[in-house]
file coords-v1.cif (mmCIF, C-alpha atoms)
data_coords
#
loop_
_atom_site.label_atom_id
_atom_site.label_comp_id
_atom_site.auth_asym_id
_atom_site.auth_seq_id
_atom_site.Cartn_x
_atom_site.Cartn_y
_atom_site.Cartn_z
CA MET A 1 -58.45 -176.89 8.31
CA LYS A 2 -59.43 -180.41 7.41
CA TYR A 3 -56.02 -182.01 7.85
CA VAL A 4 -55.90 -185.02 10.15
CA PHE A 5 -52.61 -185.52 11.95
CA ASP A 6 -51.25 -189.02 11.77
CA TYR A 7 -48.33 -190.29 13.77
CA ALA A 8 -48.88 -194.01 13.11
CA TRP A 9 -45.70 -194.12 11.01
CA LEU A 10 -43.68 -193.69 14.19
CA THR A 11 -44.16 -197.37 15.11
CA GLN A 12 -42.59 -198.45 11.84
CA TYR A 13 -39.98 -195.76 11.30
CA TRP A 14 -38.55 -195.08 14.74
CA PRO A 15 -35.35 -197.05 13.98
CA VAL A 16 -34.70 -194.67 11.07
CA LEU A 17 -35.04 -191.71 13.42
CA LEU A 18 -32.82 -193.37 16.00
CA LYS A 19 -30.10 -194.00 13.44
CA GLY A 20 -30.34 -190.35 12.37
CA ILE A 21 -30.02 -189.21 15.97
CA LEU A 22 -26.90 -191.34 16.44
CA VAL A 23 -25.27 -189.90 13.31
CA THR A 24 -26.06 -186.36 14.47
CA ILE A 25 -24.56 -187.13 17.89
CA GLN A 26 -21.47 -188.60 16.25
CA LEU A 27 -21.12 -185.51 14.03
CA ILE A 28 -21.33 -183.07 16.91
CA ALA A 29 -19.06 -185.15 19.16
CA VAL A 30 -16.27 -185.25 16.58
CA GLY A 31 -16.98 -181.69 15.47
CA ALA A 32 -16.91 -180.28 18.99
CA VAL A 33 -13.72 -182.00 20.16
CA ALA A 34 -11.68 -181.44 17.00
CA GLY A 35 -13.23 -178.04 16.32
CA ILE A 36 -12.40 -176.68 19.76
CA ALA A 37 -8.88 -178.09 19.48
CA LEU A 38 -8.48 -176.30 16.16
CA GLY A 39 -9.96 -173.17 17.72
CA ILE A 40 -7.43 -173.27 20.57
CA ALA A 41 -4.57 -173.64 18.09
CA CYS A 42 -5.84 -170.73 15.98
CA ALA A 43 -6.46 -168.57 19.04
CA TRP A 44 -2.88 -169.24 20.18
CA VAL A 45 -1.54 -168.20 16.78
CA ARG A 46 -3.66 -165.06 16.64
CA SER A 47 -2.79 -163.85 20.11
CA LEU A 48 0.67 -165.25 20.95
CA GLY A 49 1.93 -167.23 17.98
CA PRO A 50 4.51 -166.33 15.34
CA LYS A 51 3.73 -163.14 13.40
CA TRP A 52 4.03 -164.72 9.94
CA LEU A 53 1.33 -167.27 10.74
CA ARG A 54 -1.23 -164.68 11.78
CA PRO A 55 -2.44 -163.37 8.38
CA PRO A 56 -3.37 -166.82 6.99
CA VAL A 57 -5.15 -167.79 10.22
CA THR A 58 -6.99 -164.46 10.28
CA ALA A 59 -8.01 -164.98 6.65
CA TYR A 60 -9.32 -168.46 7.48
CA VAL A 61 -11.34 -167.21 10.45
CA GLU A 62 -12.84 -164.27 8.56
CA LEU A 63 -13.65 -166.34 5.48
CA ILE A 64 -15.47 -169.01 7.47
CA ARG A 65 -17.31 -166.57 9.70
CA ASN A 66 -18.64 -164.60 6.74
CA THR A 67 -19.90 -167.42 4.51
CA PRO A 68 -22.84 -169.80 5.05
CA PHE A 69 -22.16 -173.28 6.38
CA LEU A 70 -24.10 -174.76 3.46
CA ILE A 71 -21.67 -173.26 0.95
CA GLN A 72 -18.66 -174.43 2.99
CA LEU A 73 -20.14 -177.90 2.94
CA PHE A 74 -20.79 -177.84 -0.82
CA PHE A 75 -17.33 -176.48 -1.46
CA ILE A 76 -15.74 -179.30 0.54
CA PHE A 77 -17.94 -182.06 -0.84
CA PHE A 78 -18.36 -181.00 -4.47
CA GLY A 79 -15.49 -178.57 -4.99
CA LEU A 80 -12.49 -180.28 -3.42
CA PRO A 81 -12.72 -183.53 -5.45
CA SER A 82 -11.59 -181.53 -8.49
CA LEU A 83 -8.35 -180.99 -6.58
CA GLY A 84 -8.17 -184.74 -6.03
CA LEU A 85 -9.54 -184.68 -2.48
CA GLN A 86 -12.35 -187.18 -2.61
CA MET A 87 -14.22 -188.04 0.58
CA SER A 88 -17.37 -189.75 1.77
CA GLU A 89 -20.45 -187.79 2.83
CA LEU A 90 -19.76 -188.44 6.49
CA GLU A 91 -16.12 -187.36 6.21
CA ALA A 92 -17.08 -184.21 4.36
CA ALA A 93 -19.72 -183.39 6.96
CA ASN A 94 -17.25 -183.98 9.79
CA LEU A 95 -14.58 -181.87 8.11
CA ALA A 96 -17.02 -179.02 7.40
CA MET A 97 -18.18 -178.96 11.02
CA ILE A 98 -14.62 -178.99 12.36
CA VAL A 99 -13.53 -176.19 10.03
CA ASN A 100 -16.65 -174.17 10.88
CA LEU A 101 -16.48 -174.56 14.64
CA GLY A 102 -12.71 -174.04 14.53
CA ALA A 103 -13.13 -170.52 13.17
CA TYR A 104 -15.95 -169.52 15.53
CA SER A 105 -14.35 -170.99 18.64
CA CYS A 106 -11.05 -169.32 17.71
CA GLU A 107 -12.67 -165.90 18.10
CA ILE A 108 -14.37 -166.87 21.37
CA ILE A 109 -11.21 -168.36 22.89
CA ARG A 110 -9.11 -165.44 21.69
CA ALA A 111 -11.42 -163.08 23.54
CA GLY A 112 -10.78 -165.17 26.68
CA ILE A 113 -7.00 -165.04 26.18
CA GLN A 114 -7.08 -161.29 25.62
CA ALA A 115 -8.99 -160.82 28.84
CA THR A 116 -6.11 -162.45 30.73
CA PRO A 117 -4.16 -159.81 32.65
CA ARG A 118 -0.61 -159.24 31.42
CA GLY A 119 0.74 -160.04 34.88
CA GLN A 120 -0.30 -163.68 34.49
CA PHE A 121 2.27 -164.21 31.71
CA GLU A 122 4.97 -162.64 33.88
CA ALA A 123 3.88 -164.62 36.93
CA GLY A 124 4.14 -167.84 34.91
CA ALA A 125 7.61 -166.91 33.67
CA SER A 126 8.75 -165.99 37.17
CA LEU A 127 7.80 -169.50 38.34
CA ALA A 128 10.30 -170.84 35.76
CA MET A 129 7.54 -172.23 33.58
CA SER A 130 8.34 -172.62 29.90
CA PRO A 131 6.20 -170.52 27.50
CA PHE A 132 4.23 -173.65 26.65
CA GLU A 133 3.60 -174.52 30.30
CA THR A 134 2.57 -170.93 30.99
CA PHE A 135 0.15 -171.04 28.08
CA ARG A 136 -1.23 -174.42 29.05
CA HIS A 137 -1.72 -173.87 32.79
CA VAL A 138 -1.82 -170.14 33.39
CA ILE A 139 -3.44 -168.73 30.25
CA LEU A 140 -5.53 -171.37 28.52
CA VAL A 141 -7.44 -173.04 31.35
CA PRO A 142 -8.64 -169.80 33.03
CA SER A 143 -9.46 -168.36 29.58
CA LEU A 144 -11.53 -171.40 28.66
CA GLN A 145 -13.28 -171.23 32.00
CA ARG A 146 -14.12 -167.58 31.39
CA ILE A 147 -15.62 -168.15 27.94
CA TRP A 148 -17.09 -171.62 28.53
CA PRO A 149 -20.76 -170.51 28.38
CA ALA A 150 -20.18 -168.75 25.05
CA LEU A 151 -18.35 -171.80 23.72
CA CYS A 152 -21.23 -174.07 24.78
CA SER A 153 -23.71 -171.87 22.91
CA GLN A 154 -21.54 -172.04 19.81
CA VAL A 155 -21.36 -175.85 19.98
CA ILE A 156 -25.16 -175.96 20.19
CA ILE A 157 -25.47 -173.59 17.22
CA VAL A 158 -23.17 -175.88 15.22
CA MET A 159 -25.18 -178.93 16.30
CA LEU A 160 -28.39 -177.30 15.06
CA GLY A 161 -26.60 -176.15 11.92
CA SER A 162 -25.57 -179.75 11.25
CA SER A 163 -29.11 -180.39 9.95
CA VAL A 164 -27.79 -178.98 6.68
CA VAL A 165 -25.44 -181.94 6.10
CA SER A 166 -28.46 -183.94 4.95
CA GLN A 167 -28.08 -181.97 1.71
CA ILE A 168 -24.97 -183.96 0.76
CA ALA A 169 -26.78 -187.17 1.79
CA THR A 170 -25.13 -187.60 5.17
CA GLU A 171 -27.65 -189.73 7.00
CA ASP A 172 -28.31 -187.50 9.99
CA LEU A 173 -31.60 -186.74 11.74
CA THR A 174 -32.80 -184.35 9.04
CA PHE A 175 -31.99 -186.94 6.40
CA ALA A 176 -34.11 -189.41 8.36
CA ALA A 177 -36.98 -186.91 8.44
CA ASN A 178 -36.68 -186.35 4.68
CA PHE A 179 -36.63 -190.10 4.12
CA ILE A 180 -39.72 -190.66 6.26
CA GLN A 181 -41.68 -187.87 4.62
CA SER A 182 -40.87 -189.21 1.18
CA ARG A 183 -42.12 -192.67 2.21
CA THR A 184 -45.18 -191.73 4.22
CA PHE A 185 -46.14 -188.34 2.74
CA ARG A 186 -46.53 -187.16 6.34
CA ALA A 187 -44.20 -184.20 5.85
CA PHE A 188 -45.48 -181.97 8.62
CA GLU A 189 -45.53 -184.71 11.23
CA ALA A 190 -42.08 -186.02 10.26
CA TYR A 191 -40.52 -182.57 10.53
CA PHE A 192 -42.47 -181.75 13.67
CA VAL A 193 -41.18 -184.86 15.45
CA SER A 194 -37.59 -184.31 14.34
CA THR A 195 -37.75 -180.63 15.33
CA ALA A 196 -38.87 -181.69 18.80
CA ILE A 197 -35.96 -184.15 18.94
CA TYR A 198 -33.53 -181.39 17.95
CA LEU A 199 -34.94 -179.17 20.70
CA LEU A 200 -34.52 -181.95 23.23
CA MET A 201 -30.97 -182.62 22.01
CA ALA A 202 -30.11 -178.93 22.33
CA ILE A 203 -31.37 -178.87 25.93
CA VAL A 204 -29.55 -182.08 26.87
CA LEU A 205 -26.35 -180.96 25.12
CA ARG A 206 -26.35 -177.68 27.04
CA GLN A 207 -26.69 -179.50 30.35
CA ALA A 208 -23.98 -181.99 29.36
CA LEU A 209 -21.55 -179.26 28.34
CA MET A 210 -22.16 -177.31 31.52
CA ALA A 211 -21.52 -180.52 33.50
CA VAL A 212 -18.27 -181.07 31.56
CA GLY A 213 -17.32 -177.48 32.37
CA SER A 214 -17.78 -177.92 36.09
CA LEU A 215 -15.78 -181.18 35.91
CA ILE A 216 -12.72 -180.00 34.00
CA PHE A 217 -12.31 -176.56 35.52
CA PRO A 218 -11.06 -176.16 39.07
CA ARG A 219 -13.69 -174.69 41.31
CA ARG A 220 -12.92 -171.21 42.50
CA SER A 221 -14.60 -168.82 44.82
CA PRO A 222 -16.28 -166.07 42.81
CA ARG A 223 -14.17 -162.99 42.45
CA MET B 1 -22.46 -178.67 -25.52
CA ILE B 2 -22.37 -175.01 -24.62
CA GLU B 3 -19.19 -173.63 -23.13
CA PHE B 4 -19.64 -171.25 -20.22
CA SER B 5 -17.19 -168.45 -19.71
CA LEU B 6 -16.27 -167.24 -16.25
CA TRP B 7 -18.26 -164.10 -16.94
CA ASP B 8 -21.40 -166.16 -17.67
CA ILE B 9 -21.05 -167.82 -14.30
CA VAL B 10 -20.36 -164.60 -12.39
CA ARG B 11 -23.22 -162.75 -14.10
CA ASN B 12 -25.75 -165.44 -13.25
CA LEU B 13 -24.59 -165.64 -9.68
CA LEU B 14 -24.70 -161.87 -9.22
CA LEU B 15 -28.21 -161.72 -10.69
CA SER B 16 -29.43 -164.27 -8.18
CA ALA B 17 -27.59 -162.53 -5.35
CA ARG B 18 -30.31 -159.85 -5.65
CA TRP B 19 -32.73 -162.32 -4.12
CA THR B 20 -30.37 -163.06 -1.28
CA VAL B 21 -30.18 -159.33 -0.56
CA ILE B 22 -33.93 -158.78 -0.84
CA LEU B 23 -34.78 -161.76 1.34
CA SER B 24 -32.17 -160.67 3.92
CA LEU B 25 -33.65 -157.16 4.06
CA VAL B 26 -37.22 -158.45 4.38
CA SER B 27 -36.23 -160.93 7.11
CA PHE B 28 -34.17 -158.41 9.00
CA ILE B 29 -36.78 -155.65 8.93
CA GLY B 30 -39.69 -158.01 9.55
CA GLY B 31 -37.73 -159.76 12.28
CA GLY B 32 -36.95 -156.38 13.82
CA LEU B 33 -40.64 -155.45 13.97
CA VAL B 34 -41.75 -158.78 15.45
CA GLY B 35 -38.70 -158.70 17.70
CA THR B 36 -39.65 -155.27 19.05
CA LEU B 37 -43.11 -156.56 19.87
CA LEU B 38 -41.64 -159.60 21.63
CA LEU B 39 -39.16 -157.39 23.46
CA PHE B 40 -41.99 -155.34 24.93
CA MET B 41 -43.73 -158.55 25.99
CA ARG B 42 -40.51 -159.88 27.51
CA ILE B 43 -39.70 -156.81 29.61
CA GLY B 44 -43.29 -155.80 30.26
CA ARG B 45 -45.20 -156.46 33.46
CA ARG B 46 -47.67 -159.10 32.23
CA ARG B 47 -46.52 -162.52 33.42
CA ALA B 48 -48.25 -164.50 30.68
CA LEU B 49 -46.72 -162.37 27.93
CA GLN B 50 -43.28 -162.64 29.55
CA PHE B 51 -43.54 -166.42 29.51
CA PHE B 52 -44.74 -166.44 25.93
CA ALA B 53 -41.82 -164.32 24.73
CA LYS B 54 -39.33 -166.32 26.77
CA TYR B 55 -40.41 -169.69 25.40
CA TYR B 56 -40.77 -168.31 21.90
CA VAL B 57 -37.09 -167.38 22.01
CA GLU B 58 -36.11 -170.74 23.55
CA LEU B 59 -38.03 -172.60 20.89
CA PHE B 60 -36.57 -170.76 17.92
CA GLN B 61 -33.04 -170.73 19.28
CA GLY B 62 -33.20 -174.41 20.21
CA THR B 63 -34.27 -175.80 16.85
CA PRO B 64 -32.51 -175.76 13.47
CA LEU B 65 -33.47 -173.02 11.05
CA LEU B 66 -33.75 -175.68 8.36
CA MET B 67 -36.47 -177.47 10.35
CA GLN B 68 -38.30 -174.17 10.85
CA LEU B 69 -38.20 -173.66 7.10
CA PHE B 70 -39.58 -177.15 6.47
CA LEU B 71 -42.32 -176.66 9.05
CA ALA B 72 -43.28 -173.29 7.56
CA PHE B 73 -43.28 -174.80 4.09
CA PHE B 74 -45.40 -177.83 4.96
CA GLY B 75 -47.22 -176.33 7.95
CA LEU B 76 -48.70 -173.39 6.06
CA GLY B 77 -49.80 -175.88 3.44
CA LEU B 78 -51.99 -177.61 6.02
CA PHE B 79 -54.35 -174.66 5.89
CA GLY B 80 -55.03 -175.48 2.29
CA ILE B 81 -52.90 -172.66 0.92
CA ASP B 82 -50.54 -173.36 -1.92
CA VAL B 83 -47.31 -172.13 -0.32
CA PRO B 84 -44.71 -170.70 -2.65
CA ALA B 85 -41.12 -171.11 -1.47
CA TRP B 86 -40.59 -167.36 -1.03
CA LEU B 87 -43.50 -167.12 1.39
CA ALA B 88 -42.32 -169.99 3.57
CA ALA B 89 -38.77 -168.63 3.45
CA GLY B 90 -39.89 -165.14 4.42
CA VAL B 91 -42.16 -166.28 7.26
CA ALA B 92 -39.59 -168.68 8.75
CA LEU B 93 -36.72 -166.21 8.52
CA ILE B 94 -38.77 -163.37 10.03
CA LEU B 95 -39.83 -165.52 12.99
CA TRP B 96 -36.29 -166.84 13.42
CA SER B 97 -34.62 -163.40 13.32
CA ALA B 98 -37.26 -162.05 15.70
CA ALA B 99 -36.23 -164.59 18.33
CA PHE B 100 -32.55 -163.72 18.11
CA LEU B 101 -33.12 -159.95 17.97
CA THR B 102 -35.41 -160.11 21.01
CA GLU B 103 -32.72 -161.89 22.98
CA ILE B 104 -29.99 -159.46 21.86
CA TRP B 105 -32.12 -156.42 22.71
CA ARG B 106 -33.25 -157.83 26.03
CA GLY B 107 -29.59 -158.06 27.00
CA CYS B 108 -29.16 -154.41 26.03
CA VAL B 109 -32.16 -153.26 28.05
CA GLU B 110 -30.99 -155.25 31.06
CA ALA B 111 -27.54 -153.69 30.77
CA ILE B 112 -29.07 -150.31 31.68
CA ALA B 113 -28.36 -149.62 35.33
CA LYS B 114 -31.23 -150.23 37.73
CA GLY B 115 -30.83 -146.68 39.04
CA GLN B 116 -32.13 -145.36 35.72
CA TRP B 117 -35.43 -147.19 36.24
CA GLU B 118 -35.66 -145.96 39.80
CA ALA B 119 -34.73 -142.39 38.92
CA SER B 120 -37.31 -142.20 36.16
CA SER B 121 -40.03 -143.76 38.26
CA SER B 122 -39.24 -141.29 41.06
CA LEU B 123 -39.97 -138.56 38.49
CA GLY B 124 -43.44 -140.03 38.22
CA MET B 125 -43.00 -141.58 34.78
CA GLY B 126 -45.15 -144.52 33.72
CA HIS B 127 -43.73 -147.69 32.19
CA ILE B 128 -44.17 -146.48 28.62
CA GLN B 129 -42.66 -143.10 29.40
CA GLN B 130 -39.69 -144.71 31.15
CA MET B 131 -39.04 -146.87 28.13
CA ARG B 132 -39.55 -144.06 25.66
CA TYR B 133 -37.48 -141.31 27.30
CA VAL B 134 -34.96 -143.06 29.55
CA ILE B 135 -34.30 -146.74 28.83
CA LEU B 136 -34.62 -147.21 25.07
CA PRO B 137 -32.48 -144.23 24.01
CA GLN B 138 -29.61 -145.63 26.08
CA ALA B 139 -30.23 -149.27 25.20
CA LEU B 140 -30.36 -148.39 21.50
CA LYS B 141 -26.78 -147.20 21.61
CA ILE B 142 -25.49 -150.48 23.05
CA ALA B 143 -27.74 -152.46 20.75
CA ILE B 144 -26.34 -151.19 17.45
CA PRO B 145 -23.11 -153.26 17.18
CA PRO B 146 -24.64 -156.67 18.02
CA THR B 147 -27.64 -155.92 15.81
CA VAL B 148 -25.40 -155.13 12.86
CA GLY B 149 -23.46 -158.29 13.70
CA PHE B 150 -26.65 -160.32 13.64
CA SER B 151 -27.51 -159.07 10.15
CA VAL B 152 -24.58 -161.24 9.00
CA GLN B 153 -26.31 -164.28 10.50
CA VAL B 154 -29.48 -163.37 8.58
CA ILE B 155 -27.63 -163.20 5.27
CA LYS B 156 -26.01 -166.56 5.96
CA GLY B 157 -29.38 -167.93 7.07
CA THR B 158 -30.96 -167.12 3.71
CA ALA B 159 -28.65 -169.73 2.15
CA LEU B 160 -30.83 -172.43 3.72
CA THR B 161 -33.90 -171.26 1.81
CA SER B 162 -32.33 -172.82 -1.29
CA ILE B 163 -33.20 -176.20 0.24
CA ILE B 164 -36.94 -175.54 0.11
CA GLY B 165 -36.52 -174.33 -3.46
CA PHE B 166 -36.20 -170.57 -3.22
CA VAL B 167 -33.81 -169.49 -5.96
CA GLU B 168 -31.19 -167.23 -4.43
CA LEU B 169 -27.41 -167.22 -4.49
CA SER B 170 -26.91 -170.75 -3.10
CA LYS B 171 -29.55 -172.32 -5.30
CA ALA B 172 -28.11 -170.51 -8.30
CA GLY B 173 -24.73 -171.95 -7.32
CA THR B 174 -26.17 -175.46 -7.46
CA VAL B 175 -27.97 -174.81 -10.76
CA VAL B 176 -24.89 -173.27 -12.39
CA THR B 177 -22.74 -176.16 -11.12
CA ASN B 178 -25.12 -178.65 -12.69
CA ALA B 179 -24.81 -176.81 -16.00
CA THR B 180 -21.06 -176.17 -16.02
CA PHE B 181 -19.61 -179.09 -14.02
CA GLN B 182 -17.19 -176.70 -12.29
CA PRO B 183 -18.13 -177.01 -8.62
CA PHE B 184 -14.80 -175.70 -7.37
CA THR B 185 -15.04 -172.43 -9.30
CA VAL B 186 -18.76 -171.93 -8.81
CA TYR B 187 -18.93 -172.61 -5.07
CA GLY B 188 -15.73 -170.64 -4.62
CA LEU B 189 -17.36 -167.66 -6.34
CA VAL B 190 -20.58 -168.11 -4.35
CA ALA B 191 -18.55 -168.07 -1.15
CA LEU B 192 -16.76 -164.91 -2.30
CA ILE B 193 -20.05 -163.13 -3.04
CA TYR B 194 -21.37 -164.04 0.41
CA PHE B 195 -18.11 -162.84 1.87
CA ALA B 196 -18.42 -159.54 0.01
CA LEU B 197 -21.92 -159.11 1.43
CA CYS B 198 -21.11 -160.13 5.01
CA TRP B 199 -17.60 -158.94 5.69
CA PRO B 200 -18.32 -155.19 5.54
CA LEU B 201 -21.14 -155.73 8.03
CA SER B 202 -18.94 -157.80 10.37
CA LYS B 203 -16.20 -155.20 10.19
CA SER B 204 -18.52 -152.26 10.81
CA SER B 205 -20.02 -154.10 13.76
CA GLN B 206 -16.53 -154.45 15.24
CA ILE B 207 -15.67 -150.81 14.56
CA LEU B 208 -18.94 -149.60 16.06
CA GLU B 209 -18.29 -151.69 19.14
CA ARG B 210 -14.84 -150.20 19.58
CA LYS B 211 -16.16 -146.65 19.10
CA LEU B 212 -18.91 -147.23 21.59
CA ASN B 213 -16.47 -148.52 24.18
CA VAL B 214 -14.39 -145.38 23.79
CA ALA B 215 -17.49 -143.27 24.36
CA HIS B 216 -18.14 -145.34 27.46
CA ARG B 217 -14.71 -144.76 28.91
CA ASN B 218 -14.96 -140.99 28.45
CA HIS B 219 -18.04 -140.72 30.62
#

call {"tool": "encode", "arguments": {"input": "coords-v1.cif", "output": "structure tokens"}}
result
Amino acid sequence: MKYVFDYAWLTQYWPVLLKGILVTIQLIAVGAVAGIALGIACAWVRSLGPKWLRPPVTAYVELIRNTPFLIQLFFIFFGLPSLGLQMSELEAANLAMIVNLGAYSCEIIRAGIQATPRGQFEAGASLAMSPFETFRHVILVPSLQRIWPALCSQVIIVMLGSSVVSQIATEDLTFAANFIQSRTFRAFEAYFVSTAIYLLMAIVLRQALMAVGSLIFPRRSPR
Amino acid sequence: MIEFSLWDIVRNLLLSARWTVILSLVSFIGGGLVGTLLLFMRIGRRRALQFFAKYYVELFQGTPLLMQLFLAFFGLGLFGIDVPAWLAAGVALILWSAAFLTEIWRGCVEAIAKGQWEASSSLGMGHIQQMRYVILPQALKIAIPPTVGFSVQVIKGTALTSIIGFVELSKAGTVVTNATFQPFTVYGLVALIYFALCWPLSKSSQILERKLNVAHRNH
């Protein structure tokens, strides 16, 4: 192997990488918050909501969970404009991530809701809570607490999956790596550095989400 | 300008779906073999091998599959080999599936009650014998539903190989779109074909899981 590794481009191109990192962070921040909100709404429909709403929500969840993210992205970015829904690369990427995480988190949150004992609903009602209050305080929060680790993993999977949005020219970290390799011809090094950054981001994101979990959920003694 | 009928589009997509299926099978089987090897390292007694398997899994689960594909594509090239896209795609997907399968199977092995290990070792069995006759037969049963479920992830993962230029269903979708200018129809159809491939697997994974739970309760 005669190849000589060269990382000298880093001095010139680190702002490009930094900008990519920021876009990726923005994508996952919006995707995670809106996606989990959508997931909660869908989980409510599928487990407690009106019967007529369940089939379309189930269809949405199954369709998203059984098709690749790349195709969802292409469908949104290239397919929807023919219906008159034009959007920028960043908007399409955001929408695709929200729709994707919404379906996956729906299934995770639903599992948490289903694990709630029946008596909890009745206990909430007996305290004169409205159905919404019961759902909000008695069902949802303990359910989220129960499935929080699984939800964190899913958010990280979506963050890593977001590397694909570079394919519709959203200027995320992968886009930055592609840009650098096309300028410097240092393909291996560019991808190696950005892979390391992704790994670091995944580790940091996991810690951050776990910290958020211990902040928003009331501490309880282990059962 | 040539007009393309719906059948032209569907036929071309279905023809390229073969490659999605073949690549999925190769990745899944190859990943299973490498994964088995890593599993034995992970639950074996050698410390160094345990660490290796642990960090292997961390590394592959903590980085995007797309980056792994790029690194395989350009990294193998560093050795002076001319890397065709299918080779890079196969290598990356095998290594990636191996990491996930190892982690799934490790969970299954650890779900086996500690008493089983103790009972078998009190019968004078060695590590290999314990695994062969006591642990693996039980772990295998729990492992089937999540393994079938993971095969869906592999099929969806193959879509990314289109980015390094391997012509499978997704790439064909892009090519056909460029020829027909009907992205809505084409990507809709591509999504449907993926759905037709994945949904039966997802469903059977769920059914298997339910069946297995019933068997558990009857013990």

call {"tool": "interface_residues", "arguments": {"input": "coords-v1.cif", "of": "chain A", "to": "chain B", "cutoff": "6 Å", "atoms": "all atoms listed in the file", "output": "ChimeraX atom specification"}}
result
/A:1,66-68,75,78-79,160,188,198-199,202

call {"tool": "closest_residue", "arguments": {"input": "coords-v1.cif", "among": "A:Ala111, A:Ala103, A:Ile168, A:Ala37", "to": "A:Ile147", "atoms": "all atoms listed in the file"}}
result
A:Ala111

call {"tool": "residues_around", "arguments": {"input": "coords-v1.cif", "residues": "stretch 31-35 of chain A", "least_positions_apart": "6", "cutoff": "9 Å", "atoms": "all atoms listed in the file", "output": "ChimeraX atom specification"}}
result
/A:94-105,155,158-159

call {"tool": "atom_distance", "arguments": {"input": "coords-v1.cif", "atom1": "atom CA of A:Ala123", "atom2": "atom CA of A:Ser47"}}
result
18.1 Å

call {"tool": "atom_distance", "arguments": {"input": "coords-v1.cif", "atom1": "atom CA of B:Asn213", "atom2": "atom CA of B:Gly115"}}
result
20.7 Å

call {"tool": "resolve_selection", "arguments": {"input": "coords-v1.cif", "expression": "the PyMOL selection byres ((chain A and resi 173) around 9)", "output": "JSON, numbers by chain"}}
result
{"A": [16, 17, 18, 19, 20, 21, 22, 23, 24, 163, 166, 171, 172, 174, 175, 176, 177, 178, 194, 197, 198]}

call {"tool": "atom_distance", "arguments": {"input": "coords-v1.cif", "atom1": "atom CA of A:Ala43", "atom2": "atom CA of B:Ala111"}}
result
28.3 Å

call {"tool": "resolve_selection", "arguments": {"input": "coords-v1.cif", "expression": "the PyMOL selection byres ((chain B and resi 166-168) around 10)", "output": "number ranges by chain"}}
result
B: 13-23, 84-89, 158-165, 169-175

call {"tool": "residues_around", "arguments": {"input": "coords-v1.cif", "residues": "stretch 179-186 of chain A", "least_positions_apart": "4", "cutoff": "8 Å", "atoms": "only C-alpha atoms", "output": "PyMOL selection string"}}
result
chain A and resi 6+9+13+175+190

call {"tool": "closest_residue", "arguments": {"input": "coords-v1.cif", "among": "A:Arg136, A:Arg110, A:Arg206, A:Arg65", "to": "A:Ile156", "atoms": "all atoms listed in the file"}}
result
A:Arg206

call {"tool": "closest_residue", "arguments": {"input": "coords-v1.cif", "among": "B:Ile128, B:Leu208, B:Ile43, B:Leu189", "to": "B:Lys141", "atoms": "all atoms listed in the file"}}
result
B:Leu208

call {"tool": "residues_around", "arguments": {"input": "coords-v1.cif", "residues": "A:Gln145", "least_positions_apart": "4", "cutoff": "12 Å", "atoms": "only C-alpha atoms", "output": "list in words"}}
result
Ile108, Ile109, Ala111, Gly112, Ile113, Ala115, Thr116, His137, Val138, Ile139, Leu140, Val141, Pro149, Ala150, Leu151, Cys152, Met210, Val212, Gly213, Ser214, Leu215, Ile216, Phe217, Pro218, Arg219 and Arg220 of chain A
